[in-house]
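Student: So here's data37.txt (compact mmCIF, C-alpha atoms).
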```txt
# COMPACT_ATOMS: atom_id res chain seq x y z
CA MET A 1 19.53 -3.14 -23.56
CA SER A 2 17.90 -5.52 -25.94
CA ASN A 3 14.47 -4.60 -27.22
CA LYS A 4 13.40 -8.20 -26.89
CA THR A 5 10.94 -8.68 -24.04
CA ILE A 6 8.51 -11.39 -23.10
CA THR A 7 4.81 -11.11 -22.41
CA LEU A 8 4.04 -13.14 -19.32
CA SER A 9 2.60 -16.39 -20.59
CA ARG A 10 2.75 -19.97 -19.42
CA ARG A 11 3.16 -21.03 -23.03
CA ARG A 12 6.43 -19.14 -23.23
CA PHE A 13 7.99 -20.79 -20.22
CA LEU A 14 10.48 -23.61 -20.48
CA GLN A 15 11.39 -26.12 -17.85
CA ALA A 16 14.55 -25.13 -15.99
CA GLY A 17 15.81 -28.67 -16.35
CA ALA A 18 15.97 -28.26 -20.13
CA ALA A 19 18.49 -25.45 -19.73
CA LEU A 20 20.63 -26.66 -16.86
CA GLY A 21 22.80 -29.71 -16.48
CA GLY A 22 24.59 -31.65 -13.79
CA ALA A 23 23.24 -33.34 -10.70
CA TYR A 24 20.52 -30.71 -10.38
CA LEU A 25 18.65 -32.34 -13.24
CA LEU A 26 17.42 -35.13 -10.99
CA PRO A 27 15.22 -33.83 -8.17
CA GLY A 28 15.41 -37.17 -6.41
CA MET A 29 19.18 -36.82 -6.14
CA MET A 30 18.97 -33.42 -4.50
CA ASN A 31 18.27 -34.67 -1.02
CA SER A 32 21.31 -36.91 -0.78
CA VAL A 33 23.60 -34.51 -2.62
CA TRP A 34 22.64 -31.39 -0.70
CA ALA A 35 22.51 -33.22 2.61
CA ALA A 36 25.99 -34.75 2.52
CA GLY A 37 27.96 -33.90 -0.62
CA SER A 38 29.88 -30.89 -1.84
CA ASP A 39 26.59 -29.00 -2.14
CA LYS A 40 25.69 -29.49 1.52
CA PRO A 41 24.25 -26.26 2.99
CA GLU A 42 26.86 -24.27 4.87
CA GLN A 43 24.28 -23.47 7.57
CA ASN A 44 21.93 -25.95 9.19
CA THR A 45 19.64 -23.22 10.52
CA VAL A 46 18.46 -20.19 8.53
CA LYS A 47 16.79 -17.32 10.38
CA VAL A 48 14.29 -15.58 8.10
CA GLY A 49 12.58 -12.39 9.22
CA PHE A 50 8.97 -11.60 8.41
CA ILE A 51 6.39 -8.92 9.08
CA PRO A 52 2.97 -10.27 10.19
CA LEU A 53 1.27 -10.04 6.81
CA THR A 54 -0.55 -12.67 4.78
CA ASP A 55 2.16 -12.64 2.12
CA CYS A 56 4.75 -14.09 4.51
CA ALA A 57 2.88 -17.38 3.90
CA SER A 58 5.46 -19.27 1.86
CA VAL A 59 8.26 -18.58 4.36
CA VAL A 60 6.12 -19.77 7.26
CA MET A 61 4.69 -22.80 5.48
CA ALA A 62 8.13 -23.92 4.28
CA ALA A 63 9.00 -24.37 7.96
CA VAL A 64 5.61 -25.61 9.17
CA LYS A 65 5.21 -28.24 6.43
CA GLY A 66 8.81 -29.40 6.67
CA PHE A 67 9.89 -28.48 3.14
CA ASP A 68 13.06 -27.02 4.63
CA LYS A 69 14.16 -30.37 6.12
CA LYS A 70 13.96 -31.93 2.66
CA TYR A 71 16.76 -29.62 1.60
CA GLY A 72 18.95 -30.04 4.66
CA ILE A 73 18.09 -26.84 6.51
CA SER A 74 15.79 -25.63 9.28
CA ILE A 75 14.03 -22.32 8.57
CA VAL A 76 13.38 -20.29 11.71
CA PRO A 77 10.76 -17.60 10.95
CA SER A 78 11.38 -14.49 13.06
CA LYS A 79 8.51 -12.04 13.58
CA GLU A 80 9.66 -8.43 13.27
CA ALA A 81 7.95 -5.18 14.28
CA SER A 82 8.69 -2.97 11.28
CA TRP A 83 10.40 -2.89 7.91
CA ALA A 84 13.10 -0.67 9.40
CA ALA A 85 13.81 -3.42 11.92
CA VAL A 86 14.03 -5.99 9.12
CA ARG A 87 16.49 -3.75 7.28
CA ASP A 88 18.69 -3.22 10.33
CA LYS A 89 18.74 -6.90 11.28
CA MET A 90 19.65 -7.98 7.77
CA VAL A 91 22.54 -5.49 7.75
CA SER A 92 23.80 -6.63 11.17
CA GLY A 93 23.52 -10.30 10.22
CA GLU A 94 20.97 -11.03 12.95
CA LEU A 95 18.72 -12.21 10.13
CA ASP A 96 20.08 -14.40 7.36
CA ALA A 97 17.28 -13.42 4.99
CA ALA A 98 13.80 -11.93 5.09
CA HIS A 99 10.32 -11.67 3.64
CA VAL A 100 10.77 -8.08 2.58
CA LEU A 101 9.46 -5.26 0.40
CA TYR A 102 10.86 -5.32 -3.13
CA GLY A 103 11.65 -1.61 -3.03
CA LEU A 104 13.33 -1.82 0.36
CA VAL A 105 16.04 -4.14 -0.96
CA TYR A 106 16.61 -1.92 -4.00
CA GLY A 107 16.65 1.13 -1.75
CA MET A 108 19.35 -0.45 0.42
CA GLU A 109 21.45 -1.27 -2.65
CA MET A 110 21.18 2.36 -3.80
CA GLY A 111 21.86 3.86 -0.37
CA ILE A 112 18.48 5.63 -0.21
CA ALA A 113 16.92 3.38 2.44
CA GLY A 114 19.74 3.70 4.94
CA LYS A 115 23.47 3.08 4.67
CA GLN A 116 24.38 1.49 1.34
CA GLN A 117 24.47 -2.30 1.46
CA SER A 118 24.97 -4.74 -1.40
CA MET A 119 21.80 -6.82 -1.54
CA ALA A 120 20.36 -9.88 -3.23
CA ASN A 121 16.84 -10.86 -4.29
CA LEU A 122 16.62 -14.65 -4.38
CA MET A 123 13.00 -14.97 -5.54
CA THR A 124 9.64 -13.21 -5.58
CA LEU A 125 7.36 -14.41 -2.78
CA ASN A 126 4.01 -13.19 -4.08
CA ASN A 127 2.09 -11.13 -6.61
CA ASN A 128 -0.84 -8.83 -5.79
CA GLY A 129 -2.81 -8.76 -2.54
CA GLN A 130 -2.21 -5.26 -1.14
CA ALA A 131 -4.76 -2.46 -0.96
CA ILE A 132 -5.43 1.20 -0.30
CA SER A 133 -7.94 1.76 2.50
CA LEU A 134 -9.74 5.02 3.21
CA SER A 135 -11.56 6.00 6.38
CA MET A 136 -15.31 5.76 6.78
CA ASP A 137 -15.21 9.47 7.57
CA LEU A 138 -14.15 10.08 3.97
CA ALA A 139 -16.92 7.75 2.78
CA LYS A 140 -19.43 9.91 4.67
CA GLN A 141 -18.12 12.89 2.70
CA GLY A 142 -18.84 11.12 -0.59
CA VAL A 143 -15.42 9.61 -1.27
CA THR A 144 -15.55 6.16 -2.85
CA ASP A 145 -12.55 6.18 -5.20
CA ALA A 146 -9.54 8.21 -6.32
CA GLN A 147 -11.57 10.64 -8.43
CA SER A 148 -13.97 11.58 -5.63
CA LEU A 149 -11.00 11.85 -3.27
CA LYS A 150 -9.39 14.30 -5.70
CA LYS A 151 -12.45 16.58 -5.52
CA LEU A 152 -12.39 16.59 -1.72
CA VAL A 153 -8.63 17.15 -1.51
CA ALA A 154 -8.88 20.05 -3.97
CA SER A 155 -11.54 21.72 -1.79
CA LYS A 156 -9.25 21.84 1.25
CA GLU A 157 -5.91 23.40 2.13
CA PRO A 158 -2.89 21.37 0.91
CA GLY A 159 -1.83 18.83 3.53
CA SER A 160 -5.27 18.62 5.14
CA PHE A 161 -5.35 14.86 4.64
CA THR A 162 -2.75 12.33 5.77
CA PHE A 163 -2.02 8.98 4.16
CA ALA A 164 0.30 6.26 5.43
CA HIS A 165 2.54 3.71 3.79
CA THR A 166 5.02 1.31 5.33
CA PHE A 167 8.52 2.33 4.13
CA PRO A 168 9.84 5.25 2.02
CA THR A 169 11.26 3.14 -0.84
CA GLY A 170 8.85 0.23 -0.41
CA THR A 171 6.08 -1.19 -2.51
CA HIS A 172 3.22 0.36 -0.53
CA ALA A 173 4.65 3.85 -0.96
CA MET A 174 4.89 3.29 -4.72
CA TRP A 175 1.33 1.91 -5.03
CA LEU A 176 -0.06 4.80 -2.97
CA TYR A 177 1.85 7.46 -4.91
CA TYR A 178 0.92 5.93 -8.29
CA TRP A 179 -2.77 5.72 -7.37
CA LEU A 180 -2.93 9.29 -6.03
CA ALA A 181 -0.99 10.75 -8.96
CA GLN A 182 -3.14 8.98 -11.53
CA ALA A 183 -6.11 10.86 -10.06
CA GLY A 184 -4.22 14.16 -10.21
CA ILE A 185 -3.27 14.25 -6.52
CA ASN A 186 0.37 15.10 -5.85
CA PRO A 187 1.39 12.86 -2.94
CA PHE A 188 4.02 15.37 -1.79
CA THR A 189 2.24 18.72 -2.09
CA ASP A 190 -1.52 18.06 -2.03
CA VAL A 191 -1.57 15.61 0.89
CA ARG A 192 0.71 14.55 3.71
CA THR A 193 2.29 11.09 3.78
CA VAL A 194 3.74 9.28 6.80
CA VAL A 195 5.37 5.92 7.56
CA VAL A 196 3.53 3.50 9.84
CA PRO A 197 4.39 -0.19 10.49
CA PRO A 198 1.71 -2.53 9.07
CA PRO A 199 0.35 -3.84 12.41
CA GLN A 200 -0.22 -0.24 13.56
CA MET A 201 -2.20 0.95 10.54
CA VAL A 202 -5.71 0.19 11.74
CA MET A 203 -5.15 1.61 15.20
CA ASN A 204 -3.74 4.84 13.83
CA MET A 205 -6.66 5.34 11.45
CA ARG A 206 -9.10 4.54 14.27
CA ILE A 207 -7.74 7.40 16.37
CA GLY A 208 -7.67 9.78 13.40
CA ASN A 209 -3.93 10.04 12.73
CA MET A 210 -4.56 9.47 9.02
CA GLN A 211 -7.44 9.22 6.58
CA GLY A 212 -6.00 6.44 4.45
CA PHE A 213 -3.23 3.90 4.12
CA CYS A 214 -1.65 1.40 1.77
CA VAL A 215 -0.61 -1.91 3.30
CA GLY A 216 -0.79 -5.65 2.86
CA GLU A 217 -3.41 -7.97 4.25
CA PRO A 218 -4.98 -8.63 6.66
CA TRP A 219 -5.01 -4.97 7.69
CA ASN A 220 -7.28 -3.73 4.89
CA GLN A 221 -9.81 -6.43 5.72
CA ARG A 222 -9.35 -5.64 9.40
CA ALA A 223 -10.27 -1.98 8.77
CA ILE A 224 -13.51 -3.16 7.17
CA SER A 225 -14.27 -5.68 9.91
CA ASP A 226 -13.69 -3.02 12.57
CA GLY A 227 -15.97 -0.59 10.73
CA ILE A 228 -13.38 2.16 10.39
CA GLY A 229 -12.43 1.94 6.72
CA PHE A 230 -13.13 0.59 3.24
CA THR A 231 -11.01 -0.65 0.34
CA ALA A 232 -10.74 2.10 -2.25
CA ALA A 233 -8.37 0.19 -4.53
CA THR A 234 -6.46 -3.05 -4.63
CA SER A 235 -2.80 -2.99 -5.66
CA GLN A 236 -3.62 -5.39 -8.49
CA SER A 237 -5.99 -2.79 -9.92
CA ILE A 238 -2.93 -0.53 -10.21
CA TRP A 239 -0.70 -3.21 -11.73
CA PRO A 240 -2.25 -6.65 -12.37
CA ASP A 241 0.08 -9.42 -11.15
CA HIS A 242 2.61 -6.94 -9.79
CA PRO A 243 5.64 -8.08 -7.79
CA GLU A 244 5.31 -7.52 -4.06
CA LYS A 245 7.44 -9.20 -1.37
CA ILE A 246 10.72 -10.91 -2.16
CA LEU A 247 13.16 -13.17 -0.38
CA GLY A 248 15.90 -10.66 0.33
CA THR A 249 19.34 -10.99 1.87
CA ARG A 250 22.79 -9.43 1.79
CA SER A 251 24.86 -10.20 -1.28
CA ALA A 252 27.73 -11.21 1.02
CA TRP A 253 25.56 -13.85 2.69
CA VAL A 254 24.84 -15.47 -0.68
CA GLU A 255 28.53 -15.48 -1.61
CA GLN A 256 29.44 -17.05 1.74
CA ASN A 257 26.52 -19.51 1.73
CA PRO A 258 25.59 -20.34 -1.87
CA ASN A 259 24.39 -23.87 -1.06
CA THR A 260 22.29 -22.61 1.84
CA ALA A 261 20.80 -19.94 -0.42
CA ARG A 262 19.83 -22.57 -3.00
CA ALA A 263 18.34 -24.81 -0.32
CA LEU A 264 16.36 -21.88 1.13
CA VAL A 265 14.91 -20.97 -2.27
CA ALA A 266 14.09 -24.61 -3.02
CA ALA A 267 12.20 -25.04 0.25
CA ILE A 268 10.20 -21.85 -0.21
CA LEU A 269 9.48 -22.73 -3.84
CA GLU A 270 7.95 -26.01 -2.66
CA ALA A 271 5.85 -24.14 -0.11
CA SER A 272 4.74 -21.60 -2.72
CA ARG A 273 3.61 -24.34 -5.06
CA TRP A 274 1.81 -26.15 -2.24
CA ILE A 275 -0.13 -23.03 -1.17
CA ASP A 276 -1.33 -22.29 -4.70
CA ALA A 277 -2.24 -25.93 -5.39
CA SER A 278 -5.74 -25.75 -3.87
CA ASP A 279 -8.20 -23.61 -1.94
CA ASP A 280 -7.98 -26.12 0.89
CA ASN A 281 -4.24 -25.46 1.13
CA ARG A 282 -4.92 -21.74 1.20
CA ARG A 283 -7.43 -22.22 4.02
CA GLU A 284 -4.93 -24.29 5.97
CA THR A 285 -2.33 -21.59 5.41
CA ALA A 286 -4.72 -18.92 6.69
CA ASN A 287 -5.37 -20.94 9.83
CA VAL A 288 -1.64 -21.37 10.46
CA LEU A 289 -0.86 -17.69 9.84
CA ALA A 290 -3.63 -16.58 12.19
CA GLY A 291 -1.76 -18.20 15.09
CA ARG A 292 -0.08 -16.24 17.86
CA ALA A 293 3.42 -16.92 16.52
CA TYR A 294 2.61 -15.27 13.21
CA LEU A 295 -0.21 -12.77 12.64
CA ASN A 296 -2.08 -13.35 15.92
CA THR A 297 -5.50 -12.60 14.48
CA LYS A 298 -8.69 -14.33 13.35
CA ALA A 299 -8.37 -16.66 10.38
CA ASP A 300 -11.54 -15.08 8.97
CA PHE A 301 -9.57 -11.87 8.40
CA LEU A 302 -7.20 -13.79 6.12
CA THR A 303 -9.15 -16.50 4.35
CA GLY A 304 -11.51 -14.51 2.11
CA ARG A 305 -8.91 -12.42 0.34
CA MET A 306 -6.50 -15.35 0.15
CA LEU A 307 -9.26 -17.05 -1.86
CA GLY A 308 -9.77 -13.93 -3.98
CA GLN A 309 -13.12 -13.13 -2.36
CA TYR A 310 -13.33 -9.35 -1.99
CA ASP A 311 -15.82 -7.06 -0.26
CA ASN A 312 -14.78 -3.41 -0.28
CA GLY A 313 -16.85 -2.55 2.79
CA ILE A 314 -19.19 -0.12 1.05
CA GLY A 315 -21.35 -2.44 -1.01
CA LYS A 316 -19.19 -4.00 -3.71
CA LYS A 317 -18.29 -7.71 -3.74
CA TRP A 318 -16.30 -9.59 -6.36
CA GLN A 319 -14.08 -12.55 -7.13
CA ASP A 320 -10.73 -11.02 -8.01
CA ASP A 321 -9.01 -12.45 -11.08
CA HIS A 322 -5.67 -11.11 -9.84
CA ALA A 323 -5.78 -11.97 -6.16
CA MET A 324 -2.71 -12.88 -4.16
CA HIS A 325 -0.66 -15.67 -5.74
CA PHE A 326 2.47 -17.36 -4.51
CA PHE A 327 3.48 -19.60 -7.42
CA ARG A 328 1.27 -19.80 -10.53
CA ASP A 329 3.44 -22.30 -12.37
CA GLY A 330 6.60 -20.36 -11.51
CA GLU A 331 5.44 -17.08 -13.02
CA VAL A 332 5.19 -15.47 -9.58
CA THR A 333 8.45 -16.65 -8.09
CA PHE A 334 10.84 -15.92 -10.98
CA PRO A 335 12.97 -12.82 -10.12
CA TRP A 336 12.23 -10.80 -13.27
CA LEU A 337 14.82 -8.10 -13.91
CA SER A 338 12.14 -5.77 -15.26
CA ASP A 339 10.27 -5.96 -11.94
CA GLY A 340 13.26 -4.65 -10.02
CA MET A 341 13.93 -1.99 -12.64
CA TRP A 342 10.37 -0.69 -12.29
CA PHE A 343 10.93 0.21 -8.65
CA LEU A 344 14.07 2.11 -9.61
CA THR A 345 12.04 4.13 -12.16
CA GLN A 346 9.62 5.10 -9.42
CA HIS A 347 12.42 5.99 -7.02
CA ARG A 348 13.70 8.28 -9.77
CA ARG A 349 10.22 9.67 -10.44
CA TRP A 350 9.73 10.64 -6.81
CA GLY A 351 13.14 12.22 -6.31
CA LEU A 352 14.63 9.45 -4.21
CA LEU A 353 17.33 9.12 -6.87
CA ASP A 354 18.97 12.31 -8.15
CA SER A 355 19.82 10.87 -11.55
CA ASP A 356 19.09 7.85 -13.71
CA PRO A 357 21.13 4.83 -12.62
CA ASP A 358 22.15 1.93 -14.82
CA TYR A 359 18.78 0.26 -14.34
CA LEU A 360 19.57 -3.06 -16.00
CA ALA A 361 23.02 -3.49 -14.45
CA ILE A 362 21.62 -2.92 -10.97
CA ALA A 363 18.79 -5.40 -11.49
CA LYS A 364 21.24 -8.01 -12.81
CA ARG A 365 23.40 -7.48 -9.74
CA ILE A 366 20.56 -7.82 -7.22
CA ASN A 367 18.22 -10.41 -8.75
CA ARG A 368 20.04 -13.72 -8.43
CA ILE A 369 18.50 -15.60 -11.32
CA ASP A 370 21.40 -18.06 -11.16
CA ILE A 371 20.54 -19.19 -7.62
CA TYR A 372 16.84 -19.33 -8.51
CA GLN A 373 17.42 -21.48 -11.60
CA GLN A 374 19.53 -23.98 -9.68
CA ALA A 375 16.96 -24.26 -6.90
CA ALA A 376 14.07 -24.56 -9.37
CA THR A 377 15.81 -27.40 -11.16
CA ALA A 378 16.52 -29.20 -7.90
CA VAL A 379 12.85 -29.00 -6.92
CA GLY A 380 11.72 -30.20 -10.35
CA ASN A 381 8.71 -29.27 -12.49
CA ILE A 382 9.28 -25.54 -11.97
CA SER A 383 8.92 -23.44 -15.12
CA VAL A 384 11.65 -20.88 -15.68
CA SER A 385 11.36 -18.06 -18.20
CA THR A 386 13.59 -17.90 -21.26
CA SER A 387 13.79 -14.11 -20.80
CA PRO A 388 14.47 -12.07 -17.65
CA MET A 389 12.00 -9.39 -18.79
CA ARG A 390 8.21 -9.33 -18.85
CA SER A 391 5.63 -6.89 -20.18
CA SER A 392 2.81 -5.43 -18.06
CA THR A 393 0.08 -2.84 -18.50
CA LEU A 394 -0.67 -0.57 -15.54
CA MET A 395 -3.87 1.25 -14.55
CA ASP A 396 -3.11 4.32 -16.69
CA GLY A 397 -2.71 2.19 -19.81
CA SER A 398 1.07 2.56 -19.86
CA THR A 399 3.18 -0.45 -20.75
CA TRP A 400 6.21 -1.40 -18.70
CA ASN A 401 8.62 -3.88 -20.23
CA GLY A 402 12.03 -2.71 -19.11
CA ASN A 403 12.81 -0.91 -22.38
CA ASP A 404 14.18 2.64 -21.98
CA PRO A 405 13.62 2.95 -18.22
CA ALA A 406 15.00 6.50 -18.10
CA ALA A 407 12.35 7.70 -20.57
CA TYR A 408 9.69 5.80 -18.65
CA ALA A 409 10.72 7.42 -15.37
CA ALA A 410 10.57 10.86 -17.00
CA SER A 411 7.19 10.29 -18.63
CA PHE A 412 4.97 11.03 -15.63
CA ALA A 413 3.37 14.47 -15.40
CA ILE A 414 3.22 14.36 -11.60
CA ASN A 415 6.66 13.71 -10.16
CA LYS A 416 9.27 15.00 -7.73
CA ARG A 417 12.34 14.96 -9.95
```
Turn this file's structure into structure tokens for me.

Tutor:
Amino acid sequence: MSNKTITLSRRRFLQAGAALGGAYLLPGMMNSVWAAGSDKPEQNTVKVGFIPLTDCASVVMAAVKGFDKKYGISIVPSKEASWAAVRDKMVSGELDAAHVLYGLVYGMEMGIAGKQQSMANLMTLNNNGQAISLSMDLAKQGVTDAQSLKKLVASKEPGSFTFAHTFPTGTHAMWLYYWLAQAGINPFTDVRTVVVPPPQMVMNMRIGNMQGFCVGEPWNQRAISDGIGFTAATSQSIWPDHPEKILGTRSAWVEQNPNTARALVAAILEASRWIDASDDNRRETANVLAGRAYLNTKADFLTGRMLGQYDNGIGKKWQDDHAMHFFRDGEVTFPWLSDGMWFLTQHRRWGLLDSDPDYLAIAKRINRIDIYQQAATAVGNISVSTSPMRSSTLMDGSTWNGNDPAAYAASFAINKR
């Protein structure tokens, strides 16, 4: 792999239109071409699964605001009960695509999240915006962060405390494990970990089934509002501007429906840009998502953290510089190869993979930069990176840039290799 990487910077982005030719260069032509010409979407209706989380916003708003119609398709958002259900319905073809955990799609490709299935990542849906919540019972015992949790865990028998995430190969599992391990807590021997669907997190902590969880919003805010938990860490404090949910689908669906895939990405790109354009748009999005068809909750549980306004529930308030973003001039939505490779390094670290795979080849196979570039050009004014790699610094000071992933995966003192 080339040693050349790119530090995420708007200055280093180039317009997709400068690199691509053909009819896609003229956004105004897209509507007529995609609606009736050789690039007409193969499907008129696209069923996209989602879990009731704030970061499903761009999928929902693409349908609600009519961005999908502009590209000749109708997006039908389908609320699902769990990530396992999303996985199974994508495999069966009941869902065409889904708002889905980055690591779930990679786990499916590798055959470690169920039966092996060739998968595709069409775009990243959001950065940041997840959190690790701990129970108020732990707060009463003096726990406020990972270091104080380490002291309490060390004073008890191994496995005395239970923590939940949402899927074995998913993002929340990786954030939880990384955060615990950085404090010297082995997530597999010092504590017990379980899988709980996001909408069931708060209820399960309320009845004492676990002492902490990692999940997306609004469930961390809900734990605070219900008085049963506090935010011990945000996911962006683990990895600022980390990748989170993606637009996932089966590779076979993309091959059978390339025009539909491009239209789907274009519509969601427009929605992503619209959401990030203003705080008023974010408030409108929160109000829509709060509805019964989507999250079925109070908009107040969504709005604050969508605006980057954080209150951890035990006395700390701040405006987060790395709150949830959906677009950010195209930096969020680009399907960076290094992002996908990072999840593979963590799957290797935690023993989900028995050996080092060909990290770069797998990421190139899954992350469909070609589809993304075509859609971005059709939309117009979408910045596309000149490199598929980016450089990031995580909470422990380590740098991840996609170089030598095998060495990176082997570099962690706490692991399950």

Student: Between A:Asn401, A:Ser251, A:Ser272, A:Thr345, which one has atoms that come closest to Pro357 of chain A, using all atoms listed in the file?

Tutor: A:Thr345

Student: Given all atoms listed in the file as the basis, pick out the residue of A:Val64, A:Ala223, A:Met306, A:Ala84 nearest to Asp320 of chain A.

Tutor: A:Met306

Student: Could you make a table, as a tab-separated table, of the residues of segment 253-313 of chain A that have an atom within 12 Å of an atom of segment 366-387 of chain A, each with its nearest atom pair and distance in Å to one decimal, counting all atoms listed in the file, in chain and number order?

Tutor:
```
residue	atom	partner	partner_atom	distance
A:Val254	CA	A:Ile371	CA	9.0
A:Glu255	CA	A:Ile371	CA	10.7
A:Asn257	CA	A:Ile371	CA	11.1
A:Pro258	CA	A:Ile371	CA	7.7
A:Asn259	CA	A:Ile371	CA	8.9
A:Thr260	CA	A:Ile371	CA	10.2
A:Ala261	CA	A:Ile371	CA	7.2
A:Arg262	CA	A:Ala375	CA	5.1
A:Ala263	CA	A:Ala375	CA	6.7
A:Leu264	CA	A:Ala375	CA	8.4
A:Val265	CA	A:Ala375	CA	6.0
A:Ala266	CA	A:Ala375	CA	4.8
A:Ala267	CA	A:Val379	CA	8.2
A:Ile268	CA	A:Ala375	CA	9.8
A:Leu269	CA	A:Ala376	CA	7.4
A:Glu270	CA	A:Val379	CA	7.1
A:Ala271	CA	A:Val379	CA	10.9
A:Ser272	CA	A:Ile382	CA	11.0
A:Arg273	CA	A:Ile382	CA	9.0
```

Student: Using all atoms listed in the file, determine which residues lie at most 7 Å from Ile51 of chain A, disregarding the query and same-chain residues fewer than 3 positions distant; provide the list as a VMD selection string.

Tutor: chain A and resid 79 to 82

Student: With C-alpha atoms retained, could you export that selection as a CSV table (one decimal), in the coordinates of the input?

Tutor:
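What ended up in selection_19.csv:
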```
chain,number,residue,atom,x,y,z
A,79,LYS,CA,8.5,-12.0,13.6
A,80,GLU,CA,9.7,-8.4,13.3
A,81,ALA,CA,8.0,-5.2,14.3
A,82,SER,CA,8.7,-3.0,11.3
```

Student: Please compute the atom CA of Leu180 of chain A-atom CA of Ser133 of chain A distance, one decimal, in Å.

Tutor: 12.4 Å

Student: Go through A:Ser74, A:Thr393, A:Ser38, A:Ser92 and flag the residue nearest Trp253 of chain A, using only C-alpha atoms for the distances.

Tutor: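 The closest residue to Trp253 of chain A is A:Ser92.
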
Student: Have a look at A:Ala146, A:Ala290, A:Val91, A:Val215 and name the one nearest to Ala183 of chain A; count only C-alpha atoms.

Tutor: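 Using only C-alpha atoms, the shortest distance to Ala183 of chain A belongs to A:Ala146.
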
Student: So what do you get for atom CA of Leu101 of chain A versus atom CA of Phe163 of chain A, distance-wise?

Tutor: 18.7 Å

Student: Name all residues at most 8 Å from Trp318 of chain A (count all atoms listed in the file; drop same-chain ones fewer than 4 positions away) and give them as a PDB file with C-alpha atoms, in the frame of the given file.

Tutor:
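Result file follows (out10.pdb):
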```pdb
ATOM      1  CA  GLN A 309     -13.120 -13.130  -2.360  1.00  0.00           C
ATOM      2  CA  TYR A 310     -13.330  -9.350  -1.990  1.00  0.00           C
ATOM      3  CA  ASP A 311     -15.820  -7.060  -0.260  1.00  0.00           C
TER       4      ASP A 311
END
```
